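The structure file final.txt is reproduced below (compact mmCIF, C-alpha atoms).
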```txt
# COMPACT_ATOMS: atom_id res chain seq x y z
CA MET A 3 101.82 -108.89 30.67
CA LYS A 4 103.32 -107.17 33.63
CA MET A 5 100.92 -104.85 35.45
CA THR A 6 102.38 -101.38 35.70
CA PRO A 7 100.91 -98.13 37.06
CA ALA A 8 100.72 -96.72 33.54
CA LEU A 9 98.85 -99.75 32.23
CA LEU A 10 96.47 -99.61 35.19
CA VAL A 11 95.66 -95.96 34.50
CA VAL A 12 95.18 -96.50 30.76
CA GLY A 13 93.03 -99.59 31.31
CA SER A 14 90.88 -97.78 33.87
CA LEU A 15 90.32 -94.87 31.50
CA LEU A 16 89.39 -97.23 28.67
CA VAL A 17 86.85 -99.02 30.86
CA PHE A 18 85.41 -95.69 32.06
CA TRP A 19 85.00 -94.21 28.59
CA CYS A 20 83.56 -97.44 27.20
CA SER A 21 80.98 -97.38 29.99
CA VAL A 22 80.15 -93.74 29.27
CA PHE A 23 79.78 -94.46 25.56
CA VAL A 24 77.46 -97.43 26.16
CA ALA A 25 75.39 -95.74 28.87
CA VAL A 26 75.23 -92.19 27.52
CA PHE A 27 76.32 -91.60 23.95
CA LEU A 28 75.05 -94.79 22.31
CA PRO A 29 71.45 -94.33 23.59
CA ALA A 30 71.54 -90.67 22.57
CA LEU A 31 72.62 -91.66 19.06
CA THR A 32 70.26 -94.58 18.58
CA LEU A 33 67.14 -93.95 20.70
CA GLN A 34 64.52 -91.71 19.12
CA GLU A 35 61.31 -90.91 20.98
CA PRO A 36 58.37 -91.05 18.57
CA LYS A 37 56.33 -87.88 18.35
CA SER A 38 52.94 -87.95 20.07
CA GLU A 39 49.67 -87.47 18.20
CA ILE A 40 49.41 -83.83 19.36
CA TRP A 41 53.03 -82.87 18.64
CA ARG A 42 53.86 -80.25 16.07
CA GLU A 43 56.88 -78.10 15.27
CA SER A 44 57.13 -74.90 17.30
CA THR A 45 57.03 -71.61 15.45
CA ASP A 46 59.89 -69.13 15.73
CA LEU A 47 57.74 -66.88 17.94
CA GLU A 48 56.87 -69.80 20.21
CA GLN A 49 60.55 -70.73 20.49
CA THR A 50 61.34 -67.16 21.51
CA GLY A 51 58.62 -67.44 24.13
CA HIS A 52 60.08 -70.76 25.31
CA ASP A 53 63.45 -69.09 25.82
CA LEU A 54 61.79 -66.30 27.82
CA TYR A 55 59.90 -68.89 29.89
CA VAL A 56 63.19 -70.61 30.75
CA ALA A 57 65.19 -67.42 31.32
CA ASN A 58 62.62 -65.93 33.70
CA GLY A 59 62.22 -69.02 35.83
CA CYS A 60 58.55 -69.68 35.08
CA SER A 61 59.13 -73.36 35.87
CA TYR A 62 59.71 -72.42 39.52
CA CYS A 63 55.94 -72.01 39.89
CA HIS A 64 54.41 -73.80 36.87
CA SER A 65 54.77 -77.38 35.68
CA LEU A 66 54.37 -78.57 32.10
CA PHE A 67 53.09 -82.11 32.55
CA ILE A 68 49.91 -83.87 33.64
CA ARG A 69 50.17 -87.09 35.66
CA THR A 70 47.66 -89.87 36.18
CA VAL A 71 47.04 -88.56 39.72
CA ASP A 72 46.01 -85.15 38.39
CA TRP A 73 42.39 -86.11 37.69
CA ASP A 74 41.25 -83.48 40.22
CA LEU A 75 42.62 -80.76 37.92
CA GLY A 76 40.12 -81.74 35.28
CA ALA A 77 42.86 -83.26 33.15
CA SER A 78 41.65 -85.06 30.05
CA ARG A 79 45.03 -86.13 28.68
CA ILE A 80 48.13 -87.52 30.42
CA ALA A 81 51.49 -86.15 29.28
CA GLU A 82 53.65 -88.35 27.04
CA ALA A 83 57.37 -88.23 26.33
CA GLY A 84 56.54 -87.64 22.66
CA ASP A 85 54.95 -84.29 23.55
CA TYR A 86 58.37 -82.80 24.23
CA VAL A 87 60.36 -83.95 21.18
CA GLY A 88 62.73 -81.21 20.04
CA GLN A 89 62.35 -78.99 23.10
CA THR A 90 65.74 -77.74 24.21
CA PRO A 91 65.88 -77.52 27.12
CA ALA A 92 62.73 -79.36 28.19
CA ILE A 93 61.85 -77.53 31.42
CA LEU A 94 58.97 -79.50 32.90
CA GLY A 95 59.10 -78.00 36.39
CA THR A 96 58.26 -79.66 39.68
CA GLU A 97 56.30 -76.97 41.54
CA ARG A 98 52.68 -76.00 41.19
CA THR A 99 52.42 -72.73 43.03
CA GLY A 100 50.56 -71.71 39.89
CA PRO A 101 48.53 -74.00 37.62
CA ASP A 102 50.03 -76.57 35.28
CA LEU A 103 50.42 -75.08 31.79
CA SER A 104 50.93 -78.18 29.66
CA GLN A 105 47.46 -77.85 28.11
CA GLU A 106 47.02 -74.11 28.56
CA GLY A 107 46.80 -73.29 24.86
CA GLY A 108 43.35 -71.94 24.00
CA GLU A 109 42.06 -71.88 27.56
CA HIS A 110 41.95 -68.09 27.23
CA PRO A 111 42.12 -65.65 24.31
CA ASP A 112 45.28 -63.65 23.62
CA ASP A 113 44.01 -60.43 25.21
CA TRP A 114 43.39 -62.26 28.50
CA HIS A 115 47.04 -63.31 28.50
CA LEU A 116 48.15 -59.75 27.77
CA ALA A 117 46.19 -58.47 30.77
CA HIS A 118 47.49 -61.35 32.88
CA PHE A 119 51.15 -60.78 32.04
CA MET A 120 50.86 -57.03 32.50
CA ASN A 121 49.44 -57.54 35.99
CA PRO A 122 48.14 -60.96 37.02
CA ARG A 123 45.84 -59.38 39.60
CA THR A 124 43.76 -57.86 36.79
CA THR A 125 42.57 -61.31 35.75
CA ARG A 126 43.07 -63.28 38.97
CA PRO A 127 42.65 -60.92 41.96
CA LEU A 128 44.26 -63.41 44.38
CA SER A 129 47.20 -64.35 42.14
CA LEU A 130 50.73 -64.51 43.62
CA MET A 131 52.36 -64.19 40.19
CA PRO A 132 54.58 -61.12 39.69
CA SER A 133 53.95 -58.59 36.95
CA TRP A 134 55.85 -59.13 33.69
CA GLU A 135 55.13 -55.66 32.28
CA PHE A 136 58.87 -54.98 32.21
CA LEU A 137 59.24 -57.48 29.34
CA GLY A 138 57.53 -55.10 26.92
CA SER A 139 54.79 -55.82 24.40
CA ASN A 140 56.90 -57.78 21.90
CA ARG A 141 58.28 -60.24 24.43
CA ILE A 142 54.88 -60.59 26.10
CA ALA A 143 53.49 -61.47 22.67
CA ALA A 144 56.17 -64.16 22.29
CA LEU A 145 55.49 -65.53 25.78
CA THR A 146 51.77 -65.56 24.98
CA ALA A 147 52.43 -67.48 21.75
CA TYR A 148 54.44 -70.06 23.70
CA VAL A 149 51.68 -70.51 26.29
CA GLN A 150 49.03 -70.69 23.56
CA GLY A 151 51.04 -73.47 21.92
CA GLN A 152 50.99 -75.68 25.00
CA GLY A 153 48.92 -78.68 23.99
CA GLY A 154 50.14 -78.84 20.40
CA LYS A 155 47.44 -79.71 17.89
CA ASP A 156 44.80 -79.85 20.63
CA ALA A 157 45.75 -76.32 21.63
CA ASP A 158 45.53 -75.17 18.00
CA LEU A 159 41.88 -76.23 17.90
CA ARG A 160 41.14 -74.38 21.14
CA VAL A 161 42.95 -71.24 19.98
CA ALA A 162 41.04 -71.32 16.68
CA ARG A 163 37.80 -71.69 18.63
CA GLN A 164 38.70 -68.67 20.77
CA ARG A 165 39.44 -66.55 17.72
CA LYS A 166 36.29 -67.63 15.89
CA TRP A 167 34.05 -66.69 18.82
CA LYS A 168 36.01 -63.51 19.51
CA LYS A 169 35.01 -62.20 16.08
CA GLU A 170 31.36 -63.00 16.74
CA SER A 171 31.32 -61.65 20.29
CA ALA A 172 33.08 -58.45 19.21
CA ALA A 173 30.50 -57.99 16.44
CA ALA A 174 27.73 -58.44 19.01
CA VAL A 175 29.27 -55.80 21.29
CA ASP A 176 29.62 -53.41 18.35
CA SER A 177 25.89 -53.86 17.70
CA GLY A 178 25.08 -52.17 21.01
CA PRO A 179 24.61 -53.28 24.62
CA ASP A 180 21.07 -54.61 24.18
CA ALA A 181 21.86 -56.54 20.99
CA ASN A 182 24.94 -57.94 22.73
CA VAL A 183 22.90 -59.26 25.66
CA GLU A 184 20.34 -60.75 23.28
CA TRP A 185 23.16 -62.50 21.42
CA LEU A 186 24.69 -63.82 24.64
CA HIS A 187 21.35 -65.16 25.87
CA ALA A 188 20.55 -66.72 22.50
CA ASN A 189 23.68 -68.85 22.89
CA ILE A 190 22.54 -70.24 26.25
CA PRO A 191 20.46 -73.45 26.10
CA ALA A 192 16.77 -72.71 26.60
CA VAL A 193 16.51 -74.89 29.70
CA TRP A 194 18.92 -72.58 31.53
CA ARG A 195 17.18 -69.37 30.46
CA GLU A 196 14.02 -70.24 32.39
CA MET A 197 15.70 -71.74 35.45
CA PRO A 198 15.44 -69.73 38.68
CA ASN A 199 18.17 -69.77 41.29
CA PRO A 200 17.37 -72.69 43.64
CA TYR A 201 19.35 -71.19 46.55
CA PRO A 202 17.91 -68.50 48.85
CA ALA A 203 19.44 -65.04 48.82
CA THR A 204 19.88 -64.70 52.57
CA PRO A 205 22.41 -62.19 53.94
CA ALA A 206 24.87 -65.03 54.57
CA ASP A 207 24.44 -66.38 51.02
CA LEU A 208 24.96 -62.92 49.56
CA GLU A 209 28.12 -62.42 51.63
CA ARG A 210 29.50 -65.68 50.28
CA GLY A 211 28.64 -64.56 46.76
CA LYS A 212 30.33 -61.21 47.38
CA LYS A 213 33.52 -62.93 48.53
CA ILE A 214 33.57 -65.07 45.39
CA TYR A 215 32.98 -62.00 43.22
CA GLN A 216 35.89 -60.20 44.88
CA GLY A 217 38.16 -63.24 44.50
CA PHE A 218 37.42 -64.00 40.85
CA CYS A 219 35.41 -61.31 39.06
CA ILE A 220 35.92 -57.78 40.37
CA ASN A 221 38.98 -56.77 38.33
CA CYS A 222 37.19 -57.37 35.04
CA HIS A 223 33.60 -56.41 35.87
CA GLY A 224 34.50 -53.69 38.37
CA PRO A 225 33.33 -52.91 41.91
CA VAL A 226 29.94 -51.67 40.66
CA GLY A 227 29.46 -54.31 37.97
CA ASP A 228 29.76 -51.91 35.04
CA GLY A 229 32.53 -53.85 33.25
CA LYS A 230 35.12 -51.13 33.94
CA GLY A 231 37.57 -53.06 36.09
CA PRO A 232 41.35 -52.53 35.67
CA ALA A 233 41.59 -55.41 33.17
CA ALA A 234 39.01 -53.87 30.83
CA ARG A 235 41.48 -51.63 29.00
CA TYR A 236 43.27 -54.71 27.64
CA LEU A 237 40.17 -56.63 26.59
CA LYS A 238 38.13 -56.71 23.39
CA PRO A 239 35.25 -57.31 23.73
CA GLU A 240 35.15 -55.58 27.10
CA PRO A 241 33.59 -57.26 30.15
CA LEU A 242 29.81 -57.27 30.44
CA ASN A 243 28.02 -54.40 32.21
CA PHE A 244 25.70 -56.32 34.54
CA THR A 245 23.36 -53.39 35.07
CA THR A 246 22.11 -53.67 31.47
CA LEU A 247 20.62 -57.06 32.31
CA ARG A 248 17.67 -55.40 34.06
CA ARG A 249 16.15 -55.02 30.60
CA HIS A 250 16.67 -58.67 29.69
CA LEU A 251 15.01 -60.86 32.29
CA VAL A 252 13.38 -63.85 30.63
CA ASN A 253 9.61 -63.43 30.97
CA ASN A 254 10.54 -60.49 33.19
CA LYS A 255 11.55 -62.81 36.05
CA TYR A 256 14.27 -65.37 35.22
CA ILE A 257 17.99 -64.57 35.51
CA GLY A 258 19.59 -67.14 37.88
CA GLY A 259 20.08 -69.92 35.36
CA ILE A 260 21.59 -67.50 32.86
CA PHE A 261 24.16 -66.31 35.39
CA TYR A 262 24.91 -69.88 36.44
CA TYR A 263 25.47 -71.13 32.90
CA GLN A 264 27.79 -68.29 31.95
CA VAL A 265 29.84 -68.49 35.16
CA MET A 266 30.04 -72.27 34.83
CA ASN A 267 30.84 -72.44 31.12
CA GLY A 268 32.43 -69.06 30.44
CA ILE A 269 32.03 -67.17 27.17
CA THR A 270 34.57 -68.50 24.70
CA GLY A 271 36.19 -65.76 22.63
CA THR A 272 35.99 -63.26 25.46
CA ALA A 273 38.08 -62.92 28.60
CA MET A 274 35.27 -64.57 30.60
CA PRO A 275 36.70 -67.99 31.57
CA TYR A 276 34.76 -71.03 32.67
CA PHE A 277 34.72 -71.78 36.41
CA LYS A 278 33.22 -75.27 36.36
CA ARG A 279 36.54 -76.75 37.54
CA GLU A 280 37.19 -74.19 40.27
CA LEU A 281 33.82 -73.44 41.85
CA GLU A 282 31.39 -76.04 43.07
CA SER A 283 27.70 -75.64 42.37
CA GLU A 284 26.65 -73.76 45.51
CA LYS A 285 29.35 -71.13 45.05
CA ILE A 286 28.22 -70.46 41.48
CA TRP A 287 24.61 -70.10 42.62
CA ASP A 288 25.70 -67.82 45.48
CA VAL A 289 27.68 -65.51 43.21
CA SER A 290 24.74 -65.56 40.78
CA ASN A 291 22.45 -64.35 43.57
CA TYR A 292 24.99 -61.68 44.49
CA LEU A 293 25.21 -60.41 40.92
CA ALA A 294 21.43 -60.28 40.65
CA VAL A 295 20.81 -58.51 43.96
CA GLU A 296 23.80 -56.17 43.90
CA PHE A 297 23.67 -55.03 40.28
CA LEU A 298 20.09 -55.67 39.17
CA GLY A 299 18.34 -55.13 42.50
CA TYR A 300 16.40 -58.34 41.93
CA THR A 301 16.82 -62.11 42.12
CA ASP A 302 14.59 -64.94 40.98
CA ALA A 303 15.74 -67.13 43.89
CA GLY A 304 13.01 -69.46 45.10
CA LEU A 305 10.61 -68.87 42.21
CA GLU A 306 8.86 -71.71 40.44
CA PRO A 307 9.79 -74.19 39.15
CA ARG A 308 11.39 -75.43 42.33
CA GLY A 309 11.97 -78.77 43.98
CA ILE A 310 12.48 -80.04 47.51
CA PRO A 311 14.60 -77.55 49.49
CA ALA A 312 17.96 -78.68 50.81
CA ALA A 313 17.87 -80.01 54.38
CA TYR A 314 19.97 -77.23 55.90
CA GLU A 315 18.01 -74.28 54.45
CA ASN A 316 16.15 -71.99 56.82
CA ALA A 317 12.81 -70.47 55.94
CA TRP A 318 13.24 -67.62 53.44
CA THR A 319 10.81 -65.69 51.28
CA ASN A 320 11.80 -63.81 48.15
CA THR A 321 10.56 -60.24 48.49
CA TYR A 322 12.44 -58.83 45.51
CA GLN A 323 10.28 -57.26 42.84
CA ALA A 324 11.18 -57.61 39.17
CA PRO A 325 12.20 -54.26 37.69
CA LYS A 326 9.86 -52.44 35.38
CA LEU A 327 10.99 -52.82 31.81
CA GLU A 328 12.95 -49.76 30.75
CA VAL A 329 12.51 -50.53 27.06
CA SER A 330 11.08 -53.38 25.07
CA ASN A 331 13.70 -56.03 24.54
CA PRO A 332 15.18 -55.26 21.10
CA LYS A 333 15.78 -58.13 18.77
CA SER A 334 19.36 -58.82 17.87
CA GLN A 335 20.23 -57.98 14.31
CA ILE A 336 22.76 -60.79 14.22
CA PRO A 337 21.61 -63.56 11.87
CA SER A 338 20.60 -66.69 13.75
CA SER A 339 22.77 -68.72 11.40
CA LYS A 340 25.78 -67.21 13.14
CA LEU A 341 24.79 -68.22 16.63
CA GLN A 342 26.37 -71.67 16.50
CA THR A 343 29.24 -73.00 14.41
CA PRO A 344 30.36 -76.61 14.93
CA ASP A 345 34.00 -77.07 15.90
CA SER A 346 34.43 -79.22 12.80
CA GLN A 347 34.09 -76.03 10.74
CA ILE A 348 36.77 -74.15 12.63
CA GLU A 349 40.03 -73.86 10.75
CA THR A 350 43.13 -74.51 12.80
CA SER A 351 46.68 -73.49 12.18
CA SER A 352 50.06 -74.55 13.49
CA HIS A 353 50.83 -70.84 13.88
CA PRO A 354 48.40 -69.69 16.60
```
File written out as structure tokens:
Amino acid sequence: MKMTPALLVVGSLLVFWCSVFVAVFLPALTLQEPKSEIWRESTDLEQTGHDLYVANGCSYCHSLFIRTVDWDLGASRIAEAGDYVGQTPAILGTERTGPDLSQEGGEHPDDWHLAHFMNPRTTRPLSLMPSWEFLGSNRIAALTAYVQGQGGKDADLRVARQRKWKKESAAAVDSGPDANVEWLHANIPAVWREMPNPYPATPADLERGKKIYQGFCINCHGPVGDGKGPAARYLKPEPLNFTTLRRHLVNNKYIGGIFYYQVMNGITGTAMPYFKRELESEKIWDVSNYLAVEFLGYTDAGLEPRGIPAAYENAWTNTYQAPKLEVSNPKSQIPSSKLQTPDSQIETSSHP
């Protein structure tokens, strides 16, 4: 066969399109990624939120995948290709100016997300994220649903846990401030309730605690610790008023371990997040001392039981006097049977 320009062009096109078919179209038609164990179908509201996430460029600051090198983020599960089946487009992102969101579902309750989207500084005072108030309540609800769905079936369990404890914490708040504190303390392991702060409350320690409070806590609990920060209007139950704790010292002296446990572990169902992955131990103890001194006028730092002091500590004596009891500690009217509910009894739904 005589080689002609026309034959050369036709042959080249045939080779090109055969290559494209084998390399692109054939895999797309035949390869199917199996769904992962946490995958589930997105709801219509979540899909609307996904579209908003893409349209507003959220992936410029947030990623949606956890790598094996992300152990320092407290990751417990590495992302799999099967997590993203059916997502169109799958916008995983490459930047982490903000935190990764691939397992964000259930990390916070819905009202925390509302406050955060309205003005991120209300929940994270040092946040660089812009306000999304212009989206309006309906679109913020859709964006919240999308974020709460990140993590699939694992996220559904966490969201259900948040909603279960929100009902109980809201009921405790409705019972009155003293009953609420009694309920909160009853859900702290006993060993923490009688643990004094092992760190001294020196001026330097209190300044460090103040800085942490301003960087993480002030916009919920307020400058004077009364729970009336700018985020409070979005939150139910509202943030704790620290000044009420003067009436609830354990044995009229212990408060440090209670503060530490709740800052470390958060209060699921409320907007109070856990900080065990963000703040190392000394910072939590320092902010605990600051809360006690600034808002209660008392700290149990250095009381017994105590161990060997850290090598760097200077001599310090606790001169703070426990406050006189304003009233006898009232007993919570909440049945003790409601204090703990195993996660196995929490009902989950694919429509968080």
Problem set entry | Distance query A:Thr245 at most 9 Å, only C-alpha atoms, self and fewer than 4 positions along chain excluded, as a list in words | Val226, Gly227, Asp228, Arg249, Phe297 and Leu298 of chain A
Problem set entry | Non-local contacts of A:Thr204 (12 Å; all atoms listed in the file; under 5 positions in same chain excluded) as a ChimeraX atom specification | /A:209-211,288,291-292,295,301,303-304,315-322
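Atom CA of A:Ile40 is positioned 6.2 Å from atom CA of A:Asp156.
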For this session: Find the distance between atom CA of A:Glu196 and atom CA of A:Gln264 and write it in Å to one decimal.
Result: 13.9 Å
Problem set entry | Point-to-point distance from atom CA of A:Pro36 to atom CA of A:Gly88, Å rounded to tenths | 10.9 Å
Listing only residues of stretch 29-82 of chain A within 10 Å of stretch 99-115 of chain A, what is the closest atom pair and its distance in Å (to one decimal) for each, using only C-alpha atoms, sorted by chain and residue number ascending, as CSV?
```
residue,atom,partner,partner_atom,distance
A:Cys60,CA,A:Gly100,CA,9.5
A:Ser61,CA,A:Gly100,CA,9.6
A:Tyr62,CA,A:Thr99,CA,8.1
A:Cys63,CA,A:Thr99,CA,4.8
A:His64,CA,A:Gly100,CA,5.3
A:Ser65,CA,A:Asp102,CA,4.8
A:Leu66,CA,A:Ser104,CA,4.2
A:Phe67,CA,A:Ser104,CA,5.3
A:Ile68,CA,A:Ser104,CA,7.0
A:Asp72,CA,A:Asp102,CA,10.0
A:Leu75,CA,A:Asp102,CA,8.9
A:Ala77,CA,A:Gln105,CA,8.7
A:Ser78,CA,A:Gln105,CA,9.5
A:Arg79,CA,A:Gln105,CA,8.6
A:Ile80,CA,A:Ser104,CA,9.8
A:Ala81,CA,A:Ser104,CA,8.0
```
Exercise. Quick one: residues within 10 Å of A:Gly258, all atoms listed in the file counted, chain neighbours fewer than 5 positions away excluded, as number ranges by chain?
Worked result: A: 194-201, 251, 263, 286-291, 293-294, 301-303
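Residue nearest A:Leu47, chosen from A:Val265, A:Ile142, A:Leu31, A:Leu186 and counting all atoms listed in the file: A:Ile142.
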Problem set entry | Nearest-residue call for A:Thr146, choices A:Tyr276, A:Tyr256, A:Trp134, A:Trp19, using only C-alpha atoms |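 Counting only C-alpha atoms, the residue closest to A:Thr146 is A:Trp134.
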For this session: Quick one: everything within 12 Å of A:Phe119, counting all atoms listed in the file, minus sequence neighbours fewer than 4 positions away in the same chain. Send it as a ChimeraX atom specification.
Result: /A:60,112-115,123-126,129,131-139,141-146,149,233,236
Exercise. Which one of A:Thr246, A:Tyr86, A:Pro202, A:Arg42 sits closest to A:Arg308 if you count all atoms listed in the file?
Worked result: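 Answer, going by the shortest atom-to-atom distance: A:Pro202.
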Problem set entry | Pick from A:Asn253, A:Val183, A:Leu281, A:Ala312 nearest to A:Gly217, counting only C-alpha atoms | A:Leu281
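For the choices A:Leu327, A:Met274, A:Val22, A:Ile260, the atom-to-atom distance to A:Glu240 is smallest for A:Met274 when using all atoms listed in the file.
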